[in-house]
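What follows is a short report on a single structure.
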Amino acid sequence: MSVTMFMSTLNADNPVLQGFAFYASILILKMMMMSFLTGVQRYKKRAFISPEDAAAFKGEVKLEDPDVERVRRAHLNDLENIPIFLVTGFLFILSDPDVVVALMFFRLYTLARLVHTFVYAVYVVRQPARAIAFGVGQLITLIMIIMIIVKFHQL
């Protein structure tokens with residue numbers, strides 16, 4: 001990739017970069033909100049992680065509340081998957097993808113992660129809802145990785 005092409009892909013006027021920045025920001029905000037959701041669930045269930053929190057909020061130290069753990073697992077799943085997508089998305093931008101394809105991938109991945117959290121931690125839905133949402137995100141990331149490899153394999 002030439003320096004000129006590299007710089008044009010990282011130009012703020014690049015619609016792929018703009019779309020990625022928008023959807024990446026939503027995903028980052030979503031991950032941040034998971035900490036808040038965990039805290040809300042802890043307060044609601046009075047299941048606190050530390051004695052000082054339990055004393056302050058008239059609860060108990062409870063490390064294994066199923067509802068709190070469900071939210072924590074959803075958050076952990078985000079922490080395991082969204083950063084990989086963010087790095088992949090940035091590399092994908094450098095591959096100069098088609099705008100429509102790139103924006104579709106960014107939108108679908110974001111929607112899949114939002115659905116995954118909703119059916120896992122907010123309103124529990126039977127499988128395969130969570131597995132489908134997870135699989136869609138994984139498939140999109142995999143396709144993007146393959147497209148990156150194909151684009152840059154000769155370098």
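Every chain in the structure tokens has a letter given in the order shown (A, B, ...), and although residue numbers restart at 1 in each chain, ligands are simply numbered from 1 in the order shown.
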
Spatial neighbours of Lys151 in chain A, 10 Å, only C-alpha atoms, chain gap at least 3 places, as JSON, numbers by chain: {"A": [1, 92, 94, 95, 96, 97, 145, 146, 147, 148, 154, 155]}

Next, dump the selected residues to file, keeping only N, CA and C atoms, as a short mmCIF file (atom, residue, chain, number, x, y, z; two decimals), in the first residue's frame.
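Printed below is out_29.cif as written:
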```cif
data_model
loop_
_atom_site.label_atom_id
_atom_site.label_comp_id
_atom_site.auth_asym_id
_atom_site.auth_seq_id
_atom_site.Cartn_x
_atom_site.Cartn_y
_atom_site.Cartn_z
N MET A 1 0.85 -1.17 0.00
CA MET A 1 0.00 0.00 0.00
C MET A 1 0.90 1.23 0.00
N PHE A 92 -9.26 -3.53 8.49
CA PHE A 92 -10.17 -3.61 7.36
C PHE A 92 -10.24 -2.26 6.63
N LEU A 94 -7.90 -0.14 6.38
CA LEU A 94 -6.65 -0.01 5.61
C LEU A 94 -6.67 -0.82 4.32
N SER A 95 -7.55 -1.81 4.24
CA SER A 95 -7.65 -2.62 3.02
C SER A 95 -8.47 -1.94 1.93
N ASP A 96 -8.96 -0.73 2.22
CA ASP A 96 -9.75 0.06 1.27
C ASP A 96 -10.97 -0.72 0.76
N PRO A 97 -11.85 -1.14 1.68
CA PRO A 97 -13.00 -1.94 1.28
C PRO A 97 -14.08 -1.09 0.60
N ILE A 145 -11.44 -10.58 8.37
CA ILE A 145 -10.05 -11.05 8.46
C ILE A 145 -9.63 -11.70 7.15
N ILE A 146 -10.48 -12.53 6.60
CA ILE A 146 -10.16 -13.18 5.32
C ILE A 146 -9.96 -12.13 4.23
N MET A 147 -10.82 -11.13 4.19
CA MET A 147 -10.69 -10.08 3.17
C MET A 147 -9.39 -9.29 3.35
N ILE A 148 -8.99 -9.06 4.60
CA ILE A 148 -7.72 -8.37 4.87
C ILE A 148 -6.55 -9.22 4.39
N GLN A 154 0.15 -10.41 -0.69
CA GLN A 154 1.29 -10.32 -1.60
C GLN A 154 2.37 -9.36 -1.09
N LEU A 155 2.10 -8.66 -0.01
CA LEU A 155 3.08 -7.67 0.47
C LEU A 155 4.25 -8.30 1.09
#
```

Per-residue nearest contacts range 77-106 of chain A to range 126-136 of chain A, cut-off 12 Å, using only C-alpha atoms, as JSON lines:
```
{"residue": "A:Asn77", "atom": "CA", "partner": "A:Phe134", "partner_atom": "CA", "distance": 9.3}
{"residue": "A:Asp78", "atom": "CA", "partner": "A:Phe134", "partner_atom": "CA", "distance": 10.1}
{"residue": "A:Glu80", "atom": "CA", "partner": "A:Phe134", "partner_atom": "CA", "distance": 11.6}
{"residue": "A:Asn81", "atom": "CA", "partner": "A:Phe134", "partner_atom": "CA", "distance": 9.3}
{"residue": "A:Ile82", "atom": "CA", "partner": "A:Phe134", "partner_atom": "CA", "distance": 11.0}
{"residue": "A:Phe105", "atom": "CA", "partner": "A:Val136", "partner_atom": "CA", "distance": 10.0}
{"residue": "A:Phe106", "atom": "CA", "partner": "A:Val136", "partner_atom": "CA", "distance": 11.6}
```

Could you save those same residues with C-alpha atoms as a compact mmCIF listing (two decimals), in the first residue's frame?
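Contents of the output file part35.txt:
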```
# COMPACT_ATOMS: atom_id res chain seq x y z
CA ASN A 77 -18.00 -11.85 26.51
CA ASP A 78 -17.86 -8.26 25.25
CA GLU A 80 -13.28 -11.03 24.79
CA ASN A 81 -14.86 -10.18 21.43
CA ILE A 82 -15.30 -6.45 20.83
CA PHE A 105 -20.34 -5.28 8.39
CA PHE A 106 -19.99 -2.54 11.03
```

Here CA of Phe118 in chain A and CA of Arg73 in chain A stand apart by 12.6 Å

Of A:Gln138, A:Leu76, A:Asp67, A:Ile84, the one sitting nearest Val124 in chain A when using only C-alpha atoms is A:Asp67

Q. Neighbours of Phe48 in chain A within 10 Å (only C-alpha atoms; same-chain residues fewer than 5 positions away dropped), as a ChimeraX atom specification?
A. /A:39,41-43,53-55,57-65,68

Quiz item: Excluding same-chain residues fewer than 4 positions from Ala24 in chain A, what lies within 10 Å of it counting only C-alpha atoms, as a list in words?
Solution: Gln18, Gly19, Phe20, Ile28, Leu29, Lys30, Ile82, Pro83, Phe85, Leu86, Gly89, Phe90, Phe106, Arg107, Tyr109 and Thr110 of chain A

Could those selected residues go to a file with N, CA and C atoms, as a JSON list (two decimals), in the first residue's frame?
```
[["chain", "number", "residue", "atom", "x", "y", "z"],
["A", 18, "GLN", "N", -15.39, 6.99, 8.90],
["A", 18, "GLN", "CA", -16.46, 7.66, 9.65],
["A", 18, "GLN", "C", -17.44, 6.63, 10.22],
["A", 19, "GLY", "N", -17.84, 5.67, 9.38],
["A", 19, "GLY", "CA", -18.77, 4.63, 9.85],
["A", 19, "GLY", "C", -18.15, 3.80, 10.95],
["A", 20, "PHE", "N", -16.89, 3.43, 10.77],
["A", 20, "PHE", "CA", -16.21, 2.64, 11.79],
["A", 20, "PHE", "C", -16.13, 3.41, 13.11],
["A", 28, "ILE", "N", -17.95, 0.66, 22.22],
["A", 28, "ILE", "CA", -17.17, 1.04, 23.41],
["A", 28, "ILE", "C", -18.10, 1.54, 24.50],
["A", 29, "LEU", "N", -19.06, 2.39, 24.13],
["A", 29, "LEU", "CA", -20.03, 2.89, 25.11],
["A", 29, "LEU", "C", -20.83, 1.73, 25.70],
["A", 30, "LYS", "N", -21.20, 0.78, 24.87],
["A", 30, "LYS", "CA", -21.94, -0.39, 25.34],
["A", 30, "LYS", "C", -21.12, -1.17, 26.37],
["A", 82, "ILE", "N", -15.25, -7.78, 21.45],
["A", 82, "ILE", "CA", -15.30, -6.45, 20.83],
["A", 82, "ILE", "C", -13.90, -5.90, 20.53],
["A", 83, "PRO", "N", -12.92, -6.02, 21.43],
["A", 83, "PRO", "CA", -11.58, -5.52, 21.06],
["A", 83, "PRO", "C", -11.01, -6.18, 19.80],
["A", 85, "PHE", "N", -12.77, -7.23, 17.28],
["A", 85, "PHE", "CA", -13.46, -6.58, 16.17],
["A", 85, "PHE", "C", -12.90, -5.19, 15.92],
["A", 86, "LEU", "N", -12.59, -4.45, 16.96],
["A", 86, "LEU", "CA", -12.07, -3.09, 16.79],
["A", 86, "LEU", "C", -10.73, -3.10, 16.05],
["A", 89, "GLY", "N", -11.47, -4.22, 12.49],
["A", 89, "GLY", "CA", -12.12, -3.14, 11.75],
["A", 89, "GLY", "C", -11.13, -2.10, 11.28],
["A", 90, "PHE", "N", -10.17, -1.75, 12.13],
["A", 90, "PHE", "CA", -9.15, -0.78, 11.73],
["A", 90, "PHE", "C", -8.31, -1.33, 10.58],
["A", 106, "PHE", "N", -20.04, -3.28, 9.76],
["A", 106, "PHE", "CA", -19.99, -2.54, 11.03],
["A", 106, "PHE", "C", -21.37, -2.49, 11.69],
["A", 107, "ARG", "N", -22.39, -2.25, 10.88],
["A", 107, "ARG", "CA", -23.76, -2.17, 11.42],
["A", 107, "ARG", "C", -24.23, -3.53, 11.95],
["A", 109, "TYR", "N", -22.42, -6.12, 12.90],
["A", 109, "TYR", "CA", -21.67, -6.54, 14.09],
["A", 109, "TYR", "C", -22.21, -5.81, 15.32],
["A", 110, "THR", "N", -22.41, -4.51, 15.20],
["A", 110, "THR", "CA", -22.91, -3.72, 16.33],
["A", 110, "THR", "C", -24.29, -4.22, 16.75]]
```

For a test of reading the model, state the distance in Å between CA of His75 in chain A and CA of Met144 in chain A, rounded to one decimal.
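CA of Met144 in chain A lies 23.5 Å from CA of His75 in chain A.
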
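Running DSSP on the backbone gives strand (DSSP E) for these residues within chain A: Ala47, Phe48, Glu60 and Val61 of chain A.
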
- Message: Can you tell me, as a PyMOL selection string, which residues in chain A count as helix (DSSP H, G or I) by DSSP?
- Response: chain A and resi 3-9+15-45+51-56+66-94+99-122+129-152

Keeping only C-alpha atoms, take the residues you just selected and write them out as a short mmCIF file (atom, residue, chain, number, x, y, z; two decimals), in the first residue's frame.
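So the final result, stored in selection_3.cif, reads:
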```cif
data_model
loop_
_atom_site.label_atom_id
_atom_site.label_comp_id
_atom_site.auth_asym_id
_atom_site.auth_seq_id
_atom_site.Cartn_x
_atom_site.Cartn_y
_atom_site.Cartn_z
CA VAL A 3 1.75 6.13 1.62
CA THR A 4 -0.78 8.22 -0.33
CA MET A 5 -3.38 5.45 -0.27
CA PHE A 6 -2.68 4.80 3.41
CA MET A 7 -3.20 8.47 4.26
CA SER A 8 -6.39 8.69 2.20
CA THR A 9 -7.93 5.77 4.09
CA PRO A 15 -16.92 7.30 4.81
CA VAL A 16 -15.61 3.87 5.88
CA LEU A 17 -13.52 5.47 8.63
CA GLN A 18 -16.46 7.66 9.65
CA GLY A 19 -18.77 4.63 9.85
CA PHE A 20 -16.21 2.64 11.79
CA ALA A 21 -15.68 5.50 14.25
CA PHE A 22 -19.43 5.77 14.81
CA TYR A 23 -20.08 2.06 15.36
CA ALA A 24 -16.86 1.53 17.33
CA SER A 25 -17.97 4.34 19.64
CA ILE A 26 -21.33 2.65 20.17
CA LEU A 27 -19.60 -0.64 21.00
CA ILE A 28 -17.17 1.04 23.41
CA LEU A 29 -20.03 2.89 25.11
CA LYS A 30 -21.94 -0.39 25.34
CA MET A 31 -18.98 -2.09 27.04
CA MET A 32 -18.71 0.80 29.49
CA MET A 33 -22.43 0.55 30.26
CA MET A 34 -22.03 -3.11 31.18
CA SER A 35 -20.14 -2.06 34.33
CA PHE A 36 -23.05 0.18 35.23
CA LEU A 37 -25.52 -2.64 34.53
CA THR A 38 -23.52 -4.95 36.80
CA GLY A 39 -23.65 -2.35 39.57
CA VAL A 40 -27.40 -1.90 39.13
CA GLN A 41 -27.91 -5.65 39.33
CA ARG A 42 -25.71 -5.88 42.45
CA TYR A 43 -27.70 -3.10 44.11
CA LYS A 44 -31.05 -4.59 43.07
CA LYS A 45 -30.10 -8.03 44.39
CA PRO A 51 -17.79 -5.95 52.76
CA GLU A 52 -17.66 -2.14 52.65
CA ASP A 53 -20.19 -2.05 49.80
CA ALA A 54 -22.43 -4.54 51.61
CA ALA A 55 -22.30 -2.43 54.77
CA ALA A 56 -22.89 0.86 52.95
CA PRO A 66 -26.90 -15.94 39.34
CA ASP A 67 -28.38 -12.68 38.01
CA VAL A 68 -25.27 -10.65 38.77
CA GLU A 69 -23.07 -13.37 37.28
CA ARG A 70 -25.16 -13.42 34.10
CA VAL A 71 -24.48 -9.70 33.56
CA ARG A 72 -20.81 -10.17 34.39
CA ARG A 73 -20.54 -13.02 31.88
CA ALA A 74 -22.15 -10.86 29.20
CA HIS A 75 -19.62 -8.13 30.00
CA LEU A 76 -16.75 -10.62 29.88
CA ASN A 77 -18.00 -11.85 26.51
CA ASP A 78 -17.86 -8.26 25.25
CA LEU A 79 -14.33 -7.85 26.59
CA GLU A 80 -13.28 -11.03 24.79
CA ASN A 81 -14.86 -10.18 21.43
CA ILE A 82 -15.30 -6.45 20.83
CA PRO A 83 -11.58 -5.52 21.06
CA ILE A 84 -10.82 -8.14 18.40
CA PHE A 85 -13.46 -6.58 16.17
CA LEU A 86 -12.07 -3.09 16.79
CA VAL A 87 -8.56 -4.10 15.72
CA THR A 88 -9.94 -6.08 12.77
CA GLY A 89 -12.12 -3.14 11.75
CA PHE A 90 -9.15 -0.78 11.73
CA LEU A 91 -7.12 -3.19 9.58
CA PHE A 92 -10.17 -3.61 7.36
CA ILE A 93 -10.26 0.16 6.78
CA LEU A 94 -6.65 -0.01 5.61
CA VAL A 99 -18.10 1.46 1.45
CA VAL A 100 -21.43 -0.38 1.34
CA VAL A 101 -19.87 -3.70 2.37
CA ALA A 102 -17.82 -2.14 5.18
CA LEU A 103 -20.75 -0.19 6.62
CA MET A 104 -22.95 -3.30 6.42
CA PHE A 105 -20.34 -5.28 8.39
CA PHE A 106 -19.99 -2.54 11.03
CA ARG A 107 -23.76 -2.17 11.42
CA LEU A 108 -24.46 -5.90 11.58
CA TYR A 109 -21.67 -6.54 14.09
CA THR A 110 -22.91 -3.72 16.33
CA LEU A 111 -26.49 -4.97 16.10
CA ALA A 112 -25.38 -8.54 16.83
CA ARG A 113 -23.51 -7.45 19.98
CA LEU A 114 -26.48 -5.36 21.17
CA VAL A 115 -28.84 -8.29 20.62
CA HIS A 116 -26.39 -10.65 22.34
CA THR A 117 -26.33 -8.49 25.46
CA PHE A 118 -30.08 -7.99 25.44
CA VAL A 119 -30.93 -11.70 25.21
CA TYR A 120 -28.18 -12.68 27.65
CA ALA A 121 -28.27 -10.05 30.39
CA VAL A 122 -31.36 -7.85 30.08
CA ALA A 129 -30.98 -16.54 20.28
CA ARG A 130 -27.71 -15.76 22.07
CA ALA A 131 -25.74 -18.26 19.98
CA ILE A 132 -27.06 -16.76 16.74
CA ALA A 133 -26.17 -13.23 17.83
CA PHE A 134 -22.71 -14.39 18.88
CA GLY A 135 -22.24 -16.36 15.66
CA VAL A 136 -23.20 -13.41 13.46
CA GLY A 137 -20.52 -11.27 15.14
CA GLN A 138 -17.92 -14.00 14.83
CA LEU A 139 -18.77 -14.62 11.17
CA ILE A 140 -18.50 -10.93 10.29
CA THR A 141 -15.13 -10.66 12.01
CA LEU A 142 -13.89 -13.80 10.26
CA ILE A 143 -15.00 -12.56 6.84
CA MET A 144 -13.26 -9.24 7.43
CA ILE A 145 -10.05 -11.05 8.46
CA ILE A 146 -10.16 -13.18 5.32
CA MET A 147 -10.69 -10.08 3.17
CA ILE A 148 -7.72 -8.37 4.87
CA ILE A 149 -5.49 -11.39 4.29
CA VAL A 150 -6.51 -11.62 0.64
CA LYS A 151 -5.88 -7.91 0.12
CA PHE A 152 -2.45 -7.87 1.76
#
```
